[in-house]
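Content type CSV, C-alpha atoms and all ligand atoms, from the file model09.csv:
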chain,number,residue,atom,x,y,z
A,1369,MET,CA,5.8,14.3,24.9
A,1370,PRO,CA,9.1,13.0,23.4
A,1371,ALA,CA,10.3,14.8,20.3
A,1372,GLY,CA,9.2,13.4,17.0
A,1373,THR,CA,6.4,11.2,18.2
A,1374,LEU,CA,3.5,13.5,17.6
A,1375,TYR,CA,1.3,12.1,14.9
A,1376,ARG,CA,-2.0,12.9,13.3
A,1377,GLY,CA,-4.4,10.2,14.6
A,1378,ARG,CA,-6.9,7.9,13.0
A,1379,GLU,CA,-6.1,4.7,11.1
A,1380,GLY,CA,-2.6,5.7,10.1
A,1381,MET,CA,-1.5,6.4,13.7
A,1382,TRP,CA,-3.2,3.5,15.4
A,1383,SER,CA,-1.9,0.9,12.9
A,1384,TRP,CA,1.6,2.4,13.5
A,1385,VAL,CA,1.1,2.1,17.3
A,1386,ALA,CA,-0.1,-1.5,16.9
A,1387,HIS,CA,2.8,-2.4,14.6
A,1388,ARG,CA,5.3,-1.0,17.0
A,1389,VAL,CA,3.8,-2.7,20.1
A,1390,THR,CA,3.5,-6.1,18.4
A,1391,GLY,CA,7.1,-5.7,16.9
A,1392,VAL,CA,8.6,-5.1,20.4
A,1393,LEU,CA,6.5,-7.9,21.9
A,1394,ILE,CA,7.6,-10.4,19.3
A,1395,PHE,CA,11.3,-9.5,19.8
A,1396,PHE,CA,11.1,-10.2,23.5
A,1397,PHE,CA,9.3,-13.5,22.9
A,1398,LEU,CA,11.9,-14.5,20.4
A,1399,PHE,CA,14.7,-13.9,22.9
A,1400,VAL,CA,13.0,-16.2,25.4
A,1401,HIS,CA,12.2,-18.7,22.7
A,1402,VAL,CA,15.8,-19.1,21.6
A,1403,LEU,CA,16.8,-19.6,25.2
A,1404,ASP,CA,14.2,-22.4,25.8
A,1405,THR,CA,15.1,-24.1,22.5
A,1406,ALA,CA,18.8,-24.0,23.6
A,1407,LEU,CA,17.8,-26.5,26.3
A,1408,VAL,CA,18.0,-29.3,23.6
A,1409,ARG,CA,21.8,-28.9,24.1
A,1410,VAL,CA,21.4,-29.5,27.9
A,1411,SER,CA,19.3,-32.7,27.9
A,1412,PRO,CA,16.2,-34.1,26.4
A,1413,GLU,CA,14.6,-34.1,29.9
A,1414,ALA,CA,15.3,-30.4,30.5
A,1415,TYR,CA,13.8,-29.5,27.1
A,1416,ASP,CA,10.7,-31.7,27.5
A,1417,THR,CA,10.1,-30.5,31.1
A,1418,VAL,CA,10.0,-26.8,29.9
A,1419,VAL,CA,8.0,-27.6,26.8
A,1420,ALA,CA,5.5,-29.5,29.0
A,1421,THR,CA,4.6,-26.2,30.7
A,1422,TYR,CA,3.8,-24.8,27.2
A,1423,LYS,CA,1.0,-27.3,26.9
A,1424,THR,CA,-1.0,-25.9,29.8
A,1425,PRO,CA,-4.2,-23.9,29.2
A,1426,ILE,CA,-2.8,-20.6,30.4
A,1427,VAL,CA,0.2,-20.8,28.1
A,1428,ALA,CA,-2.1,-21.8,25.3
A,1429,LEU,CA,-4.0,-18.5,25.8
A,1430,LEU,CA,-0.6,-16.6,25.7
A,1431,GLU,CA,0.2,-18.5,22.6
A,1432,TYR,CA,-3.0,-17.4,21.0
A,1433,GLY,CA,-2.1,-13.8,21.8
A,1434,LEU,CA,1.4,-14.3,20.3
A,1435,VAL,CA,-0.2,-15.6,17.1
A,1436,ALA,CA,-2.4,-12.6,17.1
A,1437,ALA,CA,0.5,-10.2,17.4
A,1438,ILE,CA,2.6,-12.0,14.8
A,1439,LEU,CA,-0.3,-12.2,12.3
A,1440,PHE,CA,-1.1,-8.5,12.7
A,1441,HIS,CA,2.5,-7.4,12.4
A,1442,ALA,CA,3.1,-9.6,9.3
A,1443,LEU,CA,0.0,-8.5,7.5
A,1444,ASN,CA,0.4,-4.8,8.4
A,1445,GLY,CA,4.1,-5.0,7.5
A,1446,LEU,CA,3.1,-6.1,4.0
A,1447,ARG,CA,0.7,-3.0,4.0
A,1448,VAL,CA,3.6,-0.7,5.0
A,1449,ILE,CA,5.7,-2.2,2.2
A,1450,ALA,CA,2.9,-1.6,-0.2
A,1451,VAL,CA,2.5,2.0,1.0
A,1452,ASP,CA,6.2,2.6,0.4
A,1453,PHE,CA,6.7,0.8,-2.9
A,1454,TRP,CA,3.4,0.8,-4.8
A,1455,VAL,CA,2.6,4.1,-6.5
A,1456,LYS,CA,-1.0,4.1,-5.3
A,1457,GLY,CA,-0.1,2.7,-1.9
A,1458,ALA,CA,-0.5,5.9,0.1
A,1459,ARG,CA,-3.9,6.6,-1.5
A,1460,TYR,CA,-5.3,3.2,-0.5
A,1461,GLN,CA,-3.6,2.9,2.9
A,1462,LYS,CA,-7.0,2.9,4.7
A,1463,GLN,CA,-8.6,0.3,2.5
A,1464,MET,CA,-5.5,-1.8,2.9
A,1465,LEU,CA,-5.7,-1.5,6.7
A,1466,TRP,CA,-9.2,-2.7,6.7
A,1467,THR,CA,-8.2,-5.6,4.4
A,1468,VAL,CA,-5.5,-6.4,6.9
A,1469,VAL,CA,-7.9,-6.3,9.8
A,1470,ALA,CA,-10.5,-8.5,8.0
A,1471,LEU,CA,-7.8,-11.1,7.0
A,1472,TRP,CA,-6.5,-11.0,10.6
A,1473,VAL,CA,-10.0,-11.7,12.0
A,1474,VAL,CA,-10.5,-14.6,9.7
A,1475,LEU,CA,-7.1,-16.1,10.5
A,1476,MET,CA,-7.6,-15.6,14.2
A,1477,ILE,CA,-11.0,-17.5,14.0
A,1478,GLY,CA,-9.2,-20.2,12.1
A,1479,ALA,CA,-6.5,-20.4,14.8
A,1480,ILE,CA,-9.0,-21.0,17.6
A,1481,TYR,CA,-9.3,-24.7,17.2
A,1482,PRO,CA,-5.6,-25.6,16.4
A,1483,VAL,CA,-4.1,-23.4,19.1
A,1484,LEU,CA,-6.8,-23.5,21.9
A,1485,GLY,CA,-8.4,-26.9,21.2
A,1486,HIS,CA,-6.0,-29.0,23.4
A,1487,ALA,CA,-6.5,-26.5,26.2
A,1488,ALA,CA,-10.3,-26.8,25.9
A,1489,ARG,CA,-10.1,-30.6,26.0
A,1490,GLU,CA,-8.0,-30.4,29.1
A,1491,LEU,CA,-10.3,-28.0,30.9
A,1492,PHE,CA,-13.6,-29.4,29.9
A,1493,GLY,CA,-12.7,-33.1,29.2
A,1494,SER,CA,-12.8,-34.6,25.8
B,1481,MET,CA,5.6,50.9,-13.2
B,1482,SER,CA,2.8,50.9,-10.8
B,1483,THR,CA,3.1,48.5,-7.8
B,1484,THR,CA,-0.7,48.2,-7.4
B,1485,GLU,CA,-1.2,46.7,-10.8
B,1486,SER,CA,-2.8,43.2,-10.5
B,1487,THR,CA,-1.5,40.2,-12.5
B,1488,ALA,CA,-3.2,37.0,-13.5
B,1489,SER,CA,-1.1,34.9,-11.3
B,1490,GLY,CA,-1.8,36.9,-8.2
B,1491,ILE,CA,1.8,37.7,-7.6
B,1492,GLY,CA,2.6,41.4,-7.8
B,1493,PRO,CA,5.2,42.7,-10.2
B,1494,VAL,CA,8.8,42.9,-9.0
B,1495,GLU,CA,9.9,46.4,-8.1
B,1496,GLY,CA,12.7,48.0,-10.2
B,1497,ALA,CA,14.0,47.2,-13.6
B,1498,SER,CA,16.1,44.1,-14.3
B,1499,LEU,CA,19.8,44.7,-14.8
B,1500,TYR,CA,20.0,42.0,-17.4
B,1501,THR,CA,18.6,41.4,-20.9
B,1502,VAL,CA,18.9,38.7,-23.5
B,1503,ASP,CA,22.0,40.3,-24.8
B,1504,ASN,CA,23.5,41.0,-21.3
B,1505,PRO,CA,22.6,37.8,-19.3
B,1506,ALA,CA,23.1,37.4,-15.6
B,1507,PRO,CA,26.3,35.6,-14.6
B,1508,LEU,CA,25.8,31.9,-14.1
B,1509,ILE,CA,26.2,30.9,-10.5
B,1510,GLU,CA,27.3,27.3,-10.0
B,1511,ALA,CA,25.0,25.2,-7.8
B,1512,PRO,CA,26.7,24.9,-4.4
B,1513,ARG,CA,26.2,21.1,-4.2
B,1514,ALA,CA,27.4,20.2,-7.6
B,1515,ARG,CA,29.7,17.2,-7.4
B,1516,THR,CA,33.0,17.6,-9.2
B,1517,LYS,CA,36.1,15.4,-9.4
B,1518,LYS,CA,37.5,17.4,-6.5
B,1519,THR,CA,34.5,16.9,-4.2
B,1520,PRO,CA,35.6,14.8,-1.3
B,1521,LYS,CA,34.0,11.5,-0.7
B,1522,SER,CA,31.0,11.7,1.6
B,1523,THR,CA,32.0,10.7,5.1
B,1524,ARG,CA,28.5,9.5,5.9
B,1525,GLY,CA,27.4,6.2,4.6
B,1526,ASN,CA,23.9,5.1,3.5
B,1527,PHE,CA,23.4,3.1,6.7
B,1528,GLU,CA,19.9,4.4,7.6
B,1529,MET,CA,18.7,3.9,4.0
B,1530,VAL,CA,20.1,0.4,3.9
B,1531,ALA,CA,18.5,-0.3,7.3
B,1532,TRP,CA,15.2,1.0,6.0
B,1533,LEU,CA,15.4,-1.3,2.9
B,1534,PHE,CA,16.5,-4.3,5.0
B,1535,MET,CA,13.4,-3.9,7.2
B,1536,ARG,CA,11.2,-4.3,4.1
B,1537,LEU,CA,13.2,-7.1,2.4
B,1538,SER,CA,13.6,-9.1,5.5
B,1539,GLY,CA,9.9,-8.5,6.3
B,1540,VAL,CA,8.8,-10.2,3.0
B,1541,VAL,CA,11.0,-13.2,3.6
B,1542,LEU,CA,10.0,-13.5,7.2
B,1543,VAL,CA,6.3,-13.7,6.3
B,1544,VAL,CA,7.1,-17.1,4.6
B,1545,LEU,CA,9.5,-18.3,7.2
B,1546,VAL,CA,7.4,-17.4,10.2
B,1547,ILE,CA,4.0,-18.3,9.0
B,1548,GLY,CA,5.4,-21.6,7.8
B,1549,HIS,CA,7.0,-22.1,11.2
B,1550,LEU,CA,3.7,-21.4,13.0
B,1551,LEU,CA,1.8,-23.8,10.8
B,1552,ILE,CA,4.2,-26.6,11.5
B,1553,GLN,CA,4.6,-26.0,15.2
B,1554,LEU,CA,1.2,-24.9,16.3
B,1555,VAL,CA,-1.4,-26.1,13.7
B,1556,LEU,CA,-0.4,-29.3,11.9
B,1557,ASP,CA,-0.2,-32.7,13.5
B,1558,GLY,CA,-1.8,-31.9,16.9
B,1559,GLY,CA,-0.3,-28.5,17.3
B,1560,VAL,CA,1.9,-27.8,20.3
B,1561,SER,CA,1.0,-31.1,21.9
B,1562,LYS,CA,3.4,-33.0,19.7
B,1563,ILE,CA,6.5,-30.9,20.4
B,1564,GLY,CA,9.3,-32.4,22.4
B,1565,PHE,CA,13.0,-33.4,22.0
B,1566,ALA,CA,12.1,-36.2,19.6
B,1567,PHE,CA,10.2,-33.8,17.4
B,1568,VAL,CA,13.1,-31.3,17.3
B,1569,ALA,CA,15.5,-34.2,16.5
B,1570,GLY,CA,13.3,-35.3,13.6
B,1571,ARG,CA,13.1,-31.8,12.1
B,1572,TRP,CA,16.8,-30.9,12.4
B,1573,ALA,CA,17.8,-34.2,10.8
B,1574,SER,CA,17.0,-32.4,7.6
B,1575,PRO,CA,19.4,-29.7,6.3
B,1576,PHE,CA,16.4,-28.0,4.7
B,1577,TRP,CA,14.8,-27.2,8.1
B,1578,GLN,CA,18.2,-26.4,9.6
B,1579,VAL,CA,18.7,-23.7,6.9
B,1580,TRP,CA,15.1,-22.6,7.4
B,1581,ASP,CA,15.5,-22.1,11.1
B,1582,LEU,CA,18.9,-20.5,10.7
B,1583,ALA,CA,17.6,-18.0,8.2
B,1584,MET,CA,14.6,-17.3,10.4
B,1585,LEU,CA,16.8,-16.7,13.4
B,1586,TRP,CA,19.2,-14.3,11.8
B,1587,LEU,CA,16.6,-12.3,9.8
B,1588,ALA,CA,14.1,-12.0,12.7
B,1589,MET,CA,16.8,-11.0,15.2
B,1590,LEU,CA,18.4,-8.4,12.9
B,1591,HIS,CA,14.9,-7.2,11.9
B,1592,GLY,CA,13.7,-7.0,15.4
B,1593,GLY,CA,17.0,-5.6,16.7
B,1594,ASN,CA,17.0,-2.8,14.1
B,1595,GLY,CA,13.3,-2.1,14.9
B,1596,LEU,CA,14.1,-1.8,18.6
B,1597,ARG,CA,17.0,0.6,17.7
B,1598,THR,CA,14.4,2.8,16.0
B,1599,VAL,CA,12.2,2.7,19.1
B,1600,ILE,CA,15.1,3.6,21.4
B,1601,ASN,CA,16.0,6.5,19.1
B,1602,ASP,CA,12.4,7.7,19.3
B,1603,TYR,CA,11.9,7.6,23.0
B,1604,ALA,CA,15.2,7.7,24.9
B,1605,GLU,CA,16.3,11.3,24.9
B,1606,ARG,CA,19.3,11.5,27.3
B,1607,PRO,CA,22.6,10.5,25.6
B,1608,ASN,CA,23.4,8.2,28.5
B,1609,THR,CA,20.1,6.4,28.5
B,1610,ARG,CA,20.4,5.9,24.7
B,1611,LEU,CA,23.9,4.5,25.1
B,1612,TRP,CA,23.0,2.0,27.7
B,1613,LEU,CA,19.8,0.9,26.1
B,1614,LYS,CA,21.5,0.4,22.8
B,1615,GLY,CA,24.4,-1.4,24.4
B,1616,LEU,CA,22.0,-3.8,26.1
B,1617,LEU,CA,20.1,-4.3,22.9
B,1618,TYR,CA,23.2,-5.0,20.8
B,1619,THR,CA,24.5,-7.4,23.5
B,1620,ALA,CA,21.3,-9.3,23.7
B,1621,THR,CA,20.9,-9.5,19.9
B,1622,VAL,CA,24.4,-10.8,19.3
B,1623,PHE,CA,24.2,-13.2,22.1
B,1624,THR,CA,20.8,-14.6,20.9
B,1625,ILE,CA,22.0,-15.0,17.3
B,1626,LEU,CA,25.2,-16.7,18.3
B,1627,LEU,CA,23.5,-19.0,20.9
B,1628,GLY,CA,20.8,-20.0,18.4
B,1629,THR,CA,23.3,-20.6,15.6
B,1630,LEU,CA,25.4,-22.8,17.9
B,1631,VAL,CA,22.4,-24.8,18.9
B,1632,ILE,CA,21.3,-25.5,15.3
B,1633,PHE,CA,24.8,-26.5,14.2
B,1634,THR,CA,25.8,-28.6,17.2
B,1635,PHE,CA,22.5,-30.3,17.8
B,1636,ASP,CA,23.1,-33.9,18.8
B,1637,PRO,CA,20.1,-36.3,18.7
B,1638,ASN,CA,22.1,-38.9,20.7
B,1639,ILE,CA,23.0,-36.5,23.5
B,1640,ARG,CA,21.7,-39.1,26.0
C,1701,LIG,C1,6.4,-11.8,9.8
C,1701,LIG,C2,6.8,-10.9,8.9
C,1701,LIG,C3,7.2,-9.5,9.3
C,1701,LIG,C4,7.0,-8.4,8.5
C,1701,LIG,C5,6.3,-8.4,7.1
C,1701,LIG,C6,7.5,-7.3,9.1
C,1701,LIG,C7,7.5,-6.0,8.6
C,1701,LIG,C8,8.0,-4.9,9.2
C,1701,LIG,C9,8.2,-3.6,8.5
C,1701,LIG,C10,7.9,-3.3,7.1
C,1701,LIG,C11,8.7,-2.7,9.5
C,1701,LIG,C12,9.1,-1.3,9.3
C,1701,LIG,C13,8.0,-0.4,9.7
C,1701,LIG,C14,8.4,1.1,9.5
C,1701,LIG,O1,9.5,1.4,9.1
C,1701,LIG,O2,7.5,1.9,9.8
C,1701,LIG,C15,8.8,-3.5,10.7
C,1701,LIG,C16,9.2,-2.9,11.9
C,1701,LIG,C17,9.5,-3.7,13.1
C,1701,LIG,N1,9.4,-5.1,13.2
C,1701,LIG,FE1,8.7,-6.3,11.8
C,1701,LIG,N2,8.0,-7.6,10.3
C,1701,LIG,C18,7.9,-9.0,10.5
C,1701,LIG,C19,8.4,-9.8,11.5
C,1701,LIG,C20,9.0,-9.2,12.7
C,1701,LIG,C21,9.5,-10.0,13.8
C,1701,LIG,C22,9.6,-11.6,13.8
C,1701,LIG,C23,9.9,-9.2,14.7
C,1701,LIG,C24,10.6,-9.4,16.1
C,1701,LIG,C25,11.7,-10.2,16.2
C,1701,LIG,C26,9.6,-7.8,14.3
C,1701,LIG,C27,9.9,-6.7,15.0
C,1701,LIG,C28,9.8,-5.4,14.5
C,1701,LIG,C29,10.1,-4.2,15.2
C,1701,LIG,C30,10.5,-4.1,16.7
C,1701,LIG,C31,9.9,-3.1,14.3
C,1701,LIG,C32,10.0,-1.6,14.6
C,1701,LIG,C33,8.7,-1.0,14.8
C,1701,LIG,C34,8.7,0.5,14.8
C,1701,LIG,O3,9.7,1.1,14.4
C,1701,LIG,O4,7.7,1.1,15.0
C,1701,LIG,N3,9.1,-7.9,13.0
C,1701,LIG,N4,8.4,-4.8,10.5

Could I get this file's structure written as structure tokens?
Amino acid sequence: MPAGTLYRGREGMWSWVAHRVTGVLIFFFLFVHVLDTALVRVSPEAYDTVVATYKTPIVALLEYGLVAAILFHALNGLRVIAVDFWVKGARYQKQMLWTVVALWVVLMIGAIYPVLGHAARELFGS
Amino acid sequence: MSTTESTASGIGPVEGASLYTVDNPAPLIEAPRARTKKTPKSTRGNFEMVAWLFMRLSGVVLVVLVIGHLLIQLVLDGGVSKIGFAFVAGRWASPFWQVWDLAMLWLAMLHGGNGLRTVINDYAERPNTRLWLKGLLYTATVFTILLGTLVIFTFDPNIR
């Protein structure tokens, strides 16, 4: 086990693991995302060709996963900030985590239609 | 004085009599870390503290920038289906969205880059591995920031 990574388990540890995994994931996505956007400097056709692949059902599913990662990281990031700066933050860290999870579930349900709707229409006809 | 005598605090009495009294106080020993005019300036900066603070400040700003970005790109007006060169041209015609995207690019890359630095520090143990991973990370981060900035500033809607 690498030094300094032993932790005490339960909500505190698992939220930290999820925050770290989502953070790294988002970084790698952002790297690729800047590259694909840079294609607007090559030609409108190059850009539109690549973006067309983003409109396929498989990529729509990946997009839904990306939204899940970003929403969790953003909400839990606000929780981490509250733990650090709010006097009672540490005492309520568990309650705040479950608030984060609840909000995340609601937002993810709300994202189903906007993010996956076009893929469903393509797969099952409209 | 008996050494078995019990005290209210649970701490046993100190053996031997004190050398000092109110009239004969112990010499004052200066704190070893007290800063004086002659103390040299610290050679270490506050880099890690500034980085820690930056993660939190940039995080708050990124919530607004990123959630707004997701709403515009993936939710409103038909979601991803509407995106194409024409859509990009329409958005970057406005300086407001140029500044928005520029701020989002810089903050997210610096925030994510610093976050990955922490991750490398945690898991890569051999000095050589750390050096190479960080070298790769810093190169990729600087490259992405510069490329993105260039694209936002030199975007040409009439390229064709
Ligand atoms: C959307 C708003 C965001 C918020 C509120 C946020 C918040 C935070 C906070 C507070 C930390 C520090 C955690 C700690 O010190 O324990 C952090 C870490 C991190 N963030 Fe973000 N972040 C956001 C967006 C992003 C983005 C866009 C990326 C990727 C480009 C990212 C990548 C990371 C990484 C890699 C870490 C390090 C994780 C670790 O050390 O375990 N974050 N984030």

My list of candidates is A:Arg1459, A:His1401, A:Arg1378, A:His1486. Which is closest to ligand LIG 1701 (chain C) when distances are computed with all atoms listed in the file?
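Counting all atoms listed in the file, the residue closest to ligand LIG 1701 (chain C) is A:His1401.
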
Return as CSV the residues of chain B lying at most 7 Å from chain A, together with the closest atom-to-atom pair for each and the distance in Å to one decimal, counting only C-alpha atoms, with rows in chain order and ascending residue number.
residue,atom,partner,partner_atom,distance
B:Arg1536,CA,A:Ile1449,CA,6.2
B:Gly1539,CA,A:Gly1445,CA,6.9
B:Val1543,CA,A:Ala1442,CA,6.0
B:Leu1554,CA,A:Val1483,CA,6.2
B:Val1555,CA,A:Pro1482,CA,5.0
B:Gly1559,CA,A:Pro1482,CA,6.1
B:Val1560,CA,A:Lys1423,CA,6.7
B:Ser1561,CA,A:Lys1423,CA,6.3
B:Gly1564,CA,A:Asp1416,CA,5.3
B:Phe1565,CA,A:Pro1412,CA,5.5
B:Gly1592,CA,A:Phe1395,CA,5.6
B:Leu1596,CA,A:Val1392,CA,6.7
B:Asp1602,CA,A:Gly1372,CA,6.9
B:Tyr1603,CA,A:Pro1370,CA,6.1
B:Thr1624,CA,A:Phe1399,CA,6.5
B:Gly1628,CA,A:Val1402,CA,6.0
B:Val1631,CA,A:Ala1406,CA,6.0
B:Phe1635,CA,A:Arg1409,CA,6.5
B:Ile1639,CA,A:Ser1411,CA,6.9

With C-alpha atoms retained, export the selected residues as a PDB file, in the coordinates of the input.
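Output saved as result_34.pdb:
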ATOM      1  CA  ARG B1536      11.200  -4.300   4.100  1.00  0.00           C
ATOM      2  CA  GLY B1539       9.900  -8.500   6.300  1.00  0.00           C
ATOM      3  CA  VAL B1543       6.300 -13.700   6.300  1.00  0.00           C
ATOM      4  CA  LEU B1554       1.200 -24.900  16.300  1.00  0.00           C
ATOM      5  CA  VAL B1555      -1.400 -26.100  13.700  1.00  0.00           C
ATOM      6  CA  GLY B1559      -0.300 -28.500  17.300  1.00  0.00           C
ATOM      7  CA  VAL B1560       1.900 -27.800  20.300  1.00  0.00           C
ATOM      8  CA  SER B1561       1.000 -31.100  21.900  1.00  0.00           C
ATOM      9  CA  GLY B1564       9.300 -32.400  22.400  1.00  0.00           C
ATOM     10  CA  PHE B1565      13.000 -33.400  22.000  1.00  0.00           C
ATOM     11  CA  GLY B1592      13.700  -7.000  15.400  1.00  0.00           C
ATOM     12  CA  LEU B1596      14.100  -1.800  18.600  1.00  0.00           C
ATOM     13  CA  ASP B1602      12.400   7.700  19.300  1.00  0.00           C
ATOM     14  CA  TYR B1603      11.900   7.600  23.000  1.00  0.00           C
ATOM     15  CA  THR B1624      20.800 -14.600  20.900  1.00  0.00           C
ATOM     16  CA  GLY B1628      20.800 -20.000  18.400  1.00  0.00           C
ATOM     17  CA  VAL B1631      22.400 -24.800  18.900  1.00  0.00           C
ATOM     18  CA  PHE B1635      22.500 -30.300  17.800  1.00  0.00           C
ATOM     19  CA  ILE B1639      23.000 -36.500  23.500  1.00  0.00           C
TER      20      ILE B1639
END

Could you build a table of the residues in chain B lying no more than 12 Å from ligand LIG 1701 (chain C), giving for each the nearest pair of atoms and their separation in Å rounded to one decimal place, using all atoms listed in the file, ordered by chain and ascending residue number, as a Markdown table?
| residue | atom | partner | partner_atom | distance |
| --- | --- | --- | --- | --- |
| B:Glu1528 | CA | C:LIG1701 | O1 | 10.9 |
| B:Met1529 | CA | C:LIG1701 | O1 | 10.8 |
| B:Val1530 | CA | C:LIG1701 | O1 | 11.8 |
| B:Ala1531 | CA | C:LIG1701 | O1 | 9.3 |
| B:Trp1532 | CA | C:LIG1701 | O1 | 6.5 |
| B:Leu1533 | CA | C:LIG1701 | C10 | 8.8 |
| B:Phe1534 | CA | C:LIG1701 | C10 | 8.9 |
| B:Met1535 | CA | C:LIG1701 | C11 | 5.4 |
| B:Arg1536 | CA | C:LIG1701 | C10 | 4.6 |
| B:Leu1537 | CA | C:LIG1701 | C10 | 8.0 |
| B:Ser1538 | CA | C:LIG1701 | C4 | 7.3 |
| B:Gly1539 | CA | C:LIG1701 | C4 | 3.6 |
| B:Val1540 | CA | C:LIG1701 | C5 | 5.1 |
| B:Val1541 | CA | C:LIG1701 | C2 | 7.1 |
| B:Leu1542 | CA | C:LIG1701 | C2 | 4.5 |
| B:Val1543 | CA | C:LIG1701 | C2 | 3.9 |
| B:Val1544 | CA | C:LIG1701 | C1 | 7.5 |
| B:Leu1545 | CA | C:LIG1701 | C1 | 7.7 |
| B:Val1546 | CA | C:LIG1701 | C1 | 5.7 |
| B:Ile1547 | CA | C:LIG1701 | C1 | 7.0 |
| B:Gly1548 | CA | C:LIG1701 | C1 | 10.1 |
| B:His1549 | CA | C:LIG1701 | C1 | 10.4 |
| B:Leu1550 | CA | C:LIG1701 | C1 | 10.5 |
| B:Ala1583 | CA | C:LIG1701 | C22 | 11.7 |
| B:Met1584 | CA | C:LIG1701 | C22 | 8.3 |
| B:Leu1585 | CA | C:LIG1701 | C25 | 8.7 |
| B:Trp1586 | CA | C:LIG1701 | C25 | 9.6 |
| B:Leu1587 | CA | C:LIG1701 | C22 | 8.1 |
| B:Ala1588 | CA | C:LIG1701 | C25 | 4.6 |
| B:Met1589 | CA | C:LIG1701 | C25 | 5.3 |
| B:Leu1590 | CA | C:LIG1701 | C25 | 7.7 |
| B:His1591 | CA | C:LIG1701 | C26 | 5.8 |
| B:Gly1592 | CA | C:LIG1701 | C27 | 3.8 |
| B:Gly1593 | CA | C:LIG1701 | C30 | 6.7 |
| B:Asn1594 | CA | C:LIG1701 | C31 | 7.1 |
| B:Gly1595 | CA | C:LIG1701 | C32 | 3.4 |
| B:Leu1596 | CA | C:LIG1701 | C30 | 4.7 |
| B:Arg1597 | CA | C:LIG1701 | C32 | 8.0 |
| B:Thr1598 | CA | C:LIG1701 | O3 | 5.2 |
| B:Val1599 | CA | C:LIG1701 | O3 | 5.6 |
| B:Ile1600 | CA | C:LIG1701 | O3 | 9.2 |
| B:Asn1601 | CA | C:LIG1701 | O3 | 9.5 |
| B:Asp1602 | CA | C:LIG1701 | O3 | 8.7 |
| B:Tyr1603 | CA | C:LIG1701 | O3 | 11.0 |
| B:Leu1617 | CA | C:LIG1701 | C30 | 11.4 |
| B:Thr1621 | CA | C:LIG1701 | C25 | 9.9 |
| B:Thr1624 | CA | C:LIG1701 | C25 | 11.1 |
| B:Ile1625 | CA | C:LIG1701 | C25 | 11.4 |

Could you take the residues named above and write them with C-alpha atoms, as a compact mmCIF listing (two decimals), in the frame of the given file?
# COMPACT_ATOMS: atom_id res chain seq x y z
CA GLU B 1528 19.90 4.40 7.60
CA MET B 1529 18.70 3.90 4.00
CA VAL B 1530 20.10 0.40 3.90
CA ALA B 1531 18.50 -0.30 7.30
CA TRP B 1532 15.20 1.00 6.00
CA LEU B 1533 15.40 -1.30 2.90
CA PHE B 1534 16.50 -4.30 5.00
CA MET B 1535 13.40 -3.90 7.20
CA ARG B 1536 11.20 -4.30 4.10
CA LEU B 1537 13.20 -7.10 2.40
CA SER B 1538 13.60 -9.10 5.50
CA GLY B 1539 9.90 -8.50 6.30
CA VAL B 1540 8.80 -10.20 3.00
CA VAL B 1541 11.00 -13.20 3.60
CA LEU B 1542 10.00 -13.50 7.20
CA VAL B 1543 6.30 -13.70 6.30
CA VAL B 1544 7.10 -17.10 4.60
CA LEU B 1545 9.50 -18.30 7.20
CA VAL B 1546 7.40 -17.40 10.20
CA ILE B 1547 4.00 -18.30 9.00
CA GLY B 1548 5.40 -21.60 7.80
CA HIS B 1549 7.00 -22.10 11.20
CA LEU B 1550 3.70 -21.40 13.00
CA ALA B 1583 17.60 -18.00 8.20
CA MET B 1584 14.60 -17.30 10.40
CA LEU B 1585 16.80 -16.70 13.40
CA TRP B 1586 19.20 -14.30 11.80
CA LEU B 1587 16.60 -12.30 9.80
CA ALA B 1588 14.10 -12.00 12.70
CA MET B 1589 16.80 -11.00 15.20
CA LEU B 1590 18.40 -8.40 12.90
CA HIS B 1591 14.90 -7.20 11.90
CA GLY B 1592 13.70 -7.00 15.40
CA GLY B 1593 17.00 -5.60 16.70
CA ASN B 1594 17.00 -2.80 14.10
CA GLY B 1595 13.30 -2.10 14.90
CA LEU B 1596 14.10 -1.80 18.60
CA ARG B 1597 17.00 0.60 17.70
CA THR B 1598 14.40 2.80 16.00
CA VAL B 1599 12.20 2.70 19.10
CA ILE B 1600 15.10 3.60 21.40
CA ASN B 1601 16.00 6.50 19.10
CA ASP B 1602 12.40 7.70 19.30
CA TYR B 1603 11.90 7.60 23.00
CA LEU B 1617 20.10 -4.30 22.90
CA THR B 1621 20.90 -9.50 19.90
CA THR B 1624 20.80 -14.60 20.90
CA ILE B 1625 22.00 -15.00 17.30

For CA of Asn1444 in chain A and CA of Leu1471 in chain A, determine how far apart the two atoms are, in Å to one decimal place.
10.4 Å

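Interatomic distance, CA of Trp1472 in chain A against CA of Phe1440 in chain A: 6.3 Å.
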
Restricting the calculation to all atoms listed in the file: of A:Val1455, A:Gln1463, A:Pro1425, A:Met1381, which residue gets closest to Phe1492 in chain A?
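For Phe1492 in chain A, the nearest of the given residues is A:Pro1425.
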